[in-house]
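What follows is the content of protein_6.cif (mmCIF, C-alpha atoms).
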```cif
data_run
loop_
_atom_site.label_atom_id
_atom_site.label_comp_id
_atom_site.auth_asym_id
_atom_site.auth_seq_id
_atom_site.Cartn_x
_atom_site.Cartn_y
_atom_site.Cartn_z
CA MET K 1 -32.49 -11.17 6.17
CA ASN K 2 -32.45 -7.37 6.18
CA HIS K 3 -29.67 -5.19 4.82
CA ALA K 4 -28.30 -4.49 8.30
CA GLN K 5 -27.46 -8.17 8.67
CA LEU K 6 -25.40 -8.34 5.50
CA VAL K 7 -21.64 -8.50 6.04
CA GLU K 8 -19.44 -6.91 3.41
CA ILE K 9 -16.71 -9.27 2.20
CA PRO K 10 -13.27 -7.60 2.33
CA ASP K 11 -11.32 -7.17 -0.89
CA ILE K 12 -8.00 -8.03 0.77
CA GLU K 13 -6.81 -9.85 3.87
CA GLU K 14 -7.30 -7.81 7.02
CA LYS K 15 -4.36 -6.85 9.26
CA THR K 16 -1.77 -7.89 6.71
CA LEU K 17 1.52 -6.04 7.17
CA PHE K 18 4.15 -7.15 4.72
CA PHE K 19 6.98 -5.14 3.18
CA PHE K 20 10.68 -5.19 2.39
CA GLU K 21 12.85 -3.03 4.64
CA ASP K 22 16.00 -1.26 3.38
CA VAL K 23 16.18 -3.30 0.17
CA MET K 24 17.27 -1.79 -3.12
CA VAL K 25 19.34 -2.33 -6.26
CA PRO K 26 21.34 0.53 -7.82
CA LYS K 27 19.66 1.79 -10.99
CA ASN K 28 22.56 0.98 -13.32
CA LYS K 29 23.72 -2.27 -11.75
CA ILE K 30 23.96 -5.16 -14.21
CA ILE K 31 21.92 -8.03 -12.80
CA LEU K 32 21.87 -10.38 -15.77
CA LYS K 33 23.38 -10.75 -19.23
CA LEU K 34 21.88 -13.85 -20.77
CA ASP K 35 22.91 -15.42 -24.06
CA ILE K 36 21.54 -18.94 -24.64
CA PRO K 37 22.02 -20.33 -28.17
CA GLU K 38 19.62 -23.21 -27.43
CA LEU K 39 17.23 -23.73 -24.53
CA LYS K 40 16.90 -27.49 -24.15
CA VAL K 41 15.31 -30.16 -21.98
CA GLY K 42 17.30 -33.31 -22.59
CA GLU K 43 17.68 -33.52 -26.36
CA LYS K 44 14.61 -31.42 -27.09
CA THR K 45 15.17 -27.79 -28.13
CA LEU K 46 12.46 -25.53 -26.70
CA SER K 47 13.74 -22.16 -27.87
CA LYS K 48 16.90 -20.62 -29.28
CA ASN K 49 18.87 -17.38 -29.50
CA ILE K 50 17.69 -16.13 -26.12
CA ARG K 51 19.35 -12.83 -25.29
CA LEU K 52 18.26 -10.84 -22.26
CA GLU K 53 19.85 -8.04 -20.24
CA VAL K 54 18.47 -6.92 -16.89
CA ILE K 55 19.72 -3.76 -15.20
CA GLY K 56 18.89 -2.17 -11.85
CA ASN K 57 15.52 -2.35 -10.14
CA THR K 58 13.56 -3.52 -13.17
CA HIS K 59 10.43 -5.60 -12.64
CA LEU K 60 10.36 -8.04 -15.54
CA CYS K 61 7.91 -10.74 -16.59
CA ILE K 62 8.22 -13.48 -19.20
CA THR K 63 5.11 -15.02 -20.70
CA SER K 64 4.49 -17.49 -23.51
CA LYS K 65 2.32 -20.36 -24.61
CA ASN K 66 2.91 -23.66 -22.82
CA GLY K 67 5.83 -25.86 -23.80
CA VAL K 68 8.28 -23.18 -24.90
CA GLY K 69 10.39 -23.42 -21.75
CA LYS K 70 9.54 -20.56 -19.39
CA THR K 71 10.18 -22.62 -16.26
CA THR K 72 13.34 -24.14 -17.74
CA LEU K 73 14.60 -20.64 -18.57
CA ILE K 74 13.87 -19.17 -15.17
CA LYS K 75 15.60 -22.12 -13.48
CA GLN K 76 18.70 -21.41 -15.56
CA ILE K 77 18.54 -17.75 -14.58
CA TYR K 78 18.34 -18.74 -10.91
CA GLU K 79 21.31 -21.12 -11.21
CA GLU K 80 23.35 -18.32 -12.76
CA LEU K 81 22.42 -15.67 -10.20
CA ARG K 82 22.34 -17.67 -6.96
CA ILE K 83 26.14 -17.99 -6.83
CA ARG K 84 26.67 -14.25 -7.08
CA GLN K 85 28.11 -12.58 -3.97
CA ASP K 86 26.95 -9.04 -4.78
CA ILE K 87 23.20 -9.75 -4.75
CA ARG K 88 20.80 -11.63 -2.46
CA VAL K 89 18.52 -13.87 -4.52
CA GLY K 90 15.12 -15.20 -3.52
CA TYR K 91 13.62 -18.00 -5.64
CA MET K 92 10.00 -19.14 -5.88
CA PRO K 93 10.01 -22.26 -8.10
CA GLN K 94 7.08 -23.88 -9.85
CA PHE K 95 7.23 -26.74 -7.34
CA TYR K 96 7.80 -25.38 -3.83
CA GLU K 97 9.36 -28.63 -2.61
CA ASP K 98 12.46 -27.69 -4.63
CA VAL K 99 13.09 -25.11 -1.90
CA PHE K 100 11.48 -26.75 1.14
CA SER K 101 12.91 -30.25 0.77
CA HIS K 102 15.69 -29.72 3.34
CA TYR K 103 13.41 -28.24 6.01
CA GLU K 104 10.70 -29.79 8.15
CA SER K 105 9.21 -26.97 10.21
CA VAL K 106 8.11 -23.46 9.31
CA LEU K 107 10.39 -21.76 11.84
CA ASP K 108 13.40 -23.88 10.85
CA PHE K 109 12.95 -22.69 7.28
CA LEU K 110 12.96 -19.04 8.32
CA VAL K 111 15.71 -19.04 10.95
CA SER K 112 17.72 -22.16 9.99
CA LYS K 113 20.11 -23.09 12.81
CA SER K 114 20.06 -19.72 14.56
CA LYS K 115 17.29 -19.42 17.14
CA LYS K 116 17.92 -15.79 18.09
CA ASN K 117 15.55 -14.50 15.40
CA ILE K 118 12.53 -16.65 16.28
CA THR K 119 10.61 -13.71 17.76
CA LYS K 120 11.14 -11.69 14.61
CA ALA K 121 10.17 -14.68 12.46
CA ARG K 122 6.94 -15.17 14.38
CA MET K 123 6.13 -11.48 13.98
CA TYR K 124 6.58 -11.72 10.21
CA LEU K 125 4.39 -14.84 10.10
CA ALA K 126 1.68 -13.19 12.18
CA ASN K 127 1.74 -10.19 9.87
CA MET K 128 0.87 -12.53 7.01
CA ASN K 129 -1.97 -14.10 9.01
CA PHE K 130 -0.31 -17.42 9.90
CA THR K 131 -2.07 -19.11 12.78
CA ASN K 132 -0.08 -20.22 15.82
CA GLU K 133 -0.60 -23.82 14.74
CA GLU K 134 0.85 -23.06 11.29
CA MET K 135 3.83 -21.21 12.78
CA LEU K 136 4.77 -24.16 15.00
CA GLY K 137 3.85 -26.84 12.50
CA LYS K 138 5.40 -28.65 9.57
CA ILE K 139 5.72 -27.15 6.11
CA CYS K 140 4.17 -30.26 4.55
CA ASN K 141 0.88 -29.49 6.34
CA LEU K 142 0.53 -26.04 4.75
CA SER K 143 -1.62 -25.32 1.72
CA ASN K 144 0.14 -24.25 -1.46
CA GLY K 145 -1.10 -20.70 -0.96
CA THR K 146 0.36 -20.59 2.55
CA LYS K 147 3.63 -22.06 1.27
CA ALA K 148 3.80 -19.24 -1.28
CA LYS K 149 3.38 -16.70 1.53
CA LEU K 150 6.10 -18.47 3.54
CA LEU K 151 8.52 -18.11 0.63
CA LEU K 152 7.76 -14.41 0.35
CA ILE K 153 8.30 -13.97 4.08
CA LYS K 154 11.67 -15.70 3.70
CA PHE K 155 12.62 -13.19 1.01
CA VAL K 156 11.77 -10.32 3.36
CA PHE K 157 13.53 -12.00 6.28
CA ASP K 158 16.71 -12.51 4.23
CA GLN K 159 16.51 -9.00 2.70
CA CYS K 160 16.66 -10.39 -0.82
CA ASN K 161 17.11 -7.71 -3.45
CA VAL K 162 16.62 -9.94 -6.53
CA LEU K 163 13.48 -12.08 -6.76
CA ILE K 164 13.07 -14.90 -9.28
CA LEU K 165 9.41 -15.89 -9.28
CA ASP K 166 7.62 -18.64 -11.18
CA GLU K 167 3.92 -17.65 -11.16
CA PRO K 168 3.99 -15.79 -7.81
CA THR K 169 0.20 -15.31 -7.53
CA ARG K 170 -0.86 -18.70 -8.89
CA ASN K 171 -1.59 -20.45 -5.59
CA VAL K 172 -2.45 -17.43 -3.45
CA SER K 173 -6.06 -16.77 -2.44
CA PRO K 174 -7.98 -13.89 -4.08
CA LEU K 175 -7.89 -12.05 -0.74
CA THR K 176 -4.10 -12.26 -0.54
CA GLN K 177 -3.33 -11.49 -4.17
CA PRO K 178 -3.78 -7.70 -3.84
CA VAL K 179 -1.39 -7.71 -0.86
CA ILE K 180 1.26 -9.62 -2.81
CA ARG K 181 0.86 -7.36 -5.84
CA SER K 182 1.17 -4.24 -3.71
CA VAL K 183 4.30 -5.48 -1.95
CA LEU K 184 5.98 -6.48 -5.20
CA LYS K 185 4.96 -3.25 -6.91
CA ASN K 186 6.74 -1.28 -4.19
CA PHE K 187 9.76 -3.59 -4.10
CA LYS K 188 12.90 -1.55 -4.89
CA GLY K 189 14.93 -4.52 -6.07
CA THR K 190 14.89 -6.58 -9.26
CA ILE K 191 12.09 -8.97 -10.17
CA ILE K 192 12.49 -11.61 -12.89
CA SER K 193 9.25 -13.54 -13.14
CA ILE K 194 6.91 -15.74 -15.11
CA SER K 195 3.20 -15.03 -15.03
CA HIS K 196 -0.04 -15.05 -17.00
CA ASP K 197 -1.83 -13.08 -14.27
CA ARG K 198 -3.07 -9.92 -15.99
CA LYS K 199 -3.45 -7.93 -12.78
CA TYR K 200 0.06 -8.86 -11.65
CA ILE K 201 1.49 -7.85 -15.04
CA ASP K 202 -0.44 -4.56 -15.10
CA GLU K 203 0.34 -3.53 -11.52
CA VAL K 204 3.84 -4.88 -10.85
CA ILE K 205 5.71 -5.26 -14.13
CA HIS K 206 7.83 -2.65 -15.94
CA GLU K 207 8.99 -4.83 -18.85
CA LEU K 208 7.06 -7.69 -20.45
CA TYR K 209 8.78 -10.28 -22.67
CA ILE K 210 7.30 -12.96 -24.93
CA LEU K 211 9.20 -16.25 -25.18
CA ASN K 212 8.68 -18.34 -28.32
CA GLU K 213 10.52 -21.00 -30.30
CA ASP K 214 12.76 -18.38 -31.93
CA GLY K 215 13.83 -16.43 -28.85
CA ILE K 216 12.62 -13.75 -26.48
CA LEU K 217 11.07 -10.45 -27.57
CA LYS K 218 10.22 -7.37 -25.54
CA LYS K 219 6.58 -6.41 -25.81
CA HIS K 220 6.04 -2.68 -26.32
CA ASN K 221 2.82 -1.09 -25.15
#
```
Hey, can you dump this file as structure tokens for me?
Amino acid sequence: MNHAQLVEIPDIEEKTLFFFEDVMVPKNKIILKLDIPELKVGEKTLSKNIRLEVIGNTHLCITSKNGVGKTTLIKQIYEELRIRQDIRVGYMPQFYEDVFSHYESVLDFLVSKSKKNITKARMYLANMNFTNEEMLGKICNLSNGTKAKLLLIKFVFDQCNVLILDEPTRNVSPLTQPVIRSVLKNFKGTIISISHDRKYIDEVIHELYILNEDGILKKHN
């Protein structure tokens, strides 16, 4: 094979158009004031004295060793914020079925009972390289990476301005990861996330916190 026959592999997905429109959080808006004396699962204490304040359009990430309660903590944060009327919260859990369990098809998940936005929904899906079969199919038939993209599309569709993300790049293909990082980097709302992805932390995150058995500490560069 000569050099002319070699095909260069793209670094990111081609023809991917994905962004949040008209979404923002005021700089000084209080999003979260957290004070948890004990973070527990059943009778087991995972961490204690967790105090965290999130203001404005901060992009925040929590990391730790396994077993300290990152996912438990972020679930509690979601439960606290999802009932708020002054923000629109999007949640990507560790197990996607926690969100998808009440929906069968991809389009039903995006547009619920209203069918007037199907054209817009299909445009968003096409922009994230969903095939026609995937658009018209069942969520259970999607790969985990495609389910992650579907959740992100839902956040855009619903104009969420606060995102709670449990390992947002974990299941996404290497070609899609740069797209996701770019979109989240330019997101003008609040991000509260868990991740061990170094590129995600370096490119997207403004504030990094370490969770351990004794609480949560801000890491200073």
Residue IDs satisfying the PyMOL selection byres ((chain K and resi 98-107) around 8), as a ChimeraX atom specification | /K:92-93,95-97,108-112,118,121-122,134-140,150
Identify which of the residues K:Ser143, K:Tyr200, K:Ile62, K:Arg88 lies closest to Lys185 of chain K, counting only C-alpha atoms when measuring atom-to-atom distances.
->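 Nearest to Lys185 of chain K: K:Tyr200.
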What gap, in Å, lies between atom CA of Leu208 of chain K and atom CA of Ile194 of chain K?
-> 9.7 Å
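Evaluated against this file, the PyMOL selection byres ((chain K and resi 41-46) around 12) yields Ile36, Pro37, Glu38, Leu39, Lys40, Ser47, Lys48, Asn49, Ile50, Ser64, Lys65, Asn66, Gly67, Val68, Gly69, Lys70, Thr71, Thr72, Leu73, Lys75, Gln76, Leu211, Asn212, Glu213, Asp214, Gly215 and Ile216 of chain K.
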Check what the PyMOL selection byres ((chain K and resi 33) around 12) selects in the file above and give those residues as a count of residues only.
-> 16
Counting only C-alpha atoms, figure out which residue out of K:Cys160, K:Val179, K:Ile205, K:Leu165 gets nearest to Ser193 of chain K.
->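 That would be K:Leu165, the residue with the smallest distance to Ser193 of chain K.
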Which value, in Å to one decimal, gives the distance between atom CA of Val204 of chain K and atom CA of Leu152 of chain K?
->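 Rounded to one decimal, the two atoms are 15.2 Å apart.
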Atom CA of Ile87 of chain K and atom CA of Leu142 of chain K, how far apart in Å?
-> 29.5 Å
Residues at most 8 Å from Gln159 of chain K, counting only C-alpha atoms, excluding those fewer than 6 positions away in the same chain, as an NGL selection string?
-> :K and (20-23 or 88)
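Using all atoms listed in the file, the contacts of Asn57 of chain K at a cut-off of 7 Å, with sequence neighbours closer than 2 positions omitted, comprise Val25, Pro26, Lys27, Ile55, His59, Lys188, Gly189 and Thr190 of chain K.
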Within 10 Å of Asp197 of chain K, counting only C-alpha atoms, which residues show up once you throw out same-chain ones fewer than 6 positions away? Write them as a PyMOL selection string, please.
-> chain K and resi 63+167-170
Measuring atom to atom with only C-alpha atoms, identify which of K:Phe157, K:Ser195, K:Thr58, K:Val172 is nearest to Thr119 of chain K.
-> K:Phe157
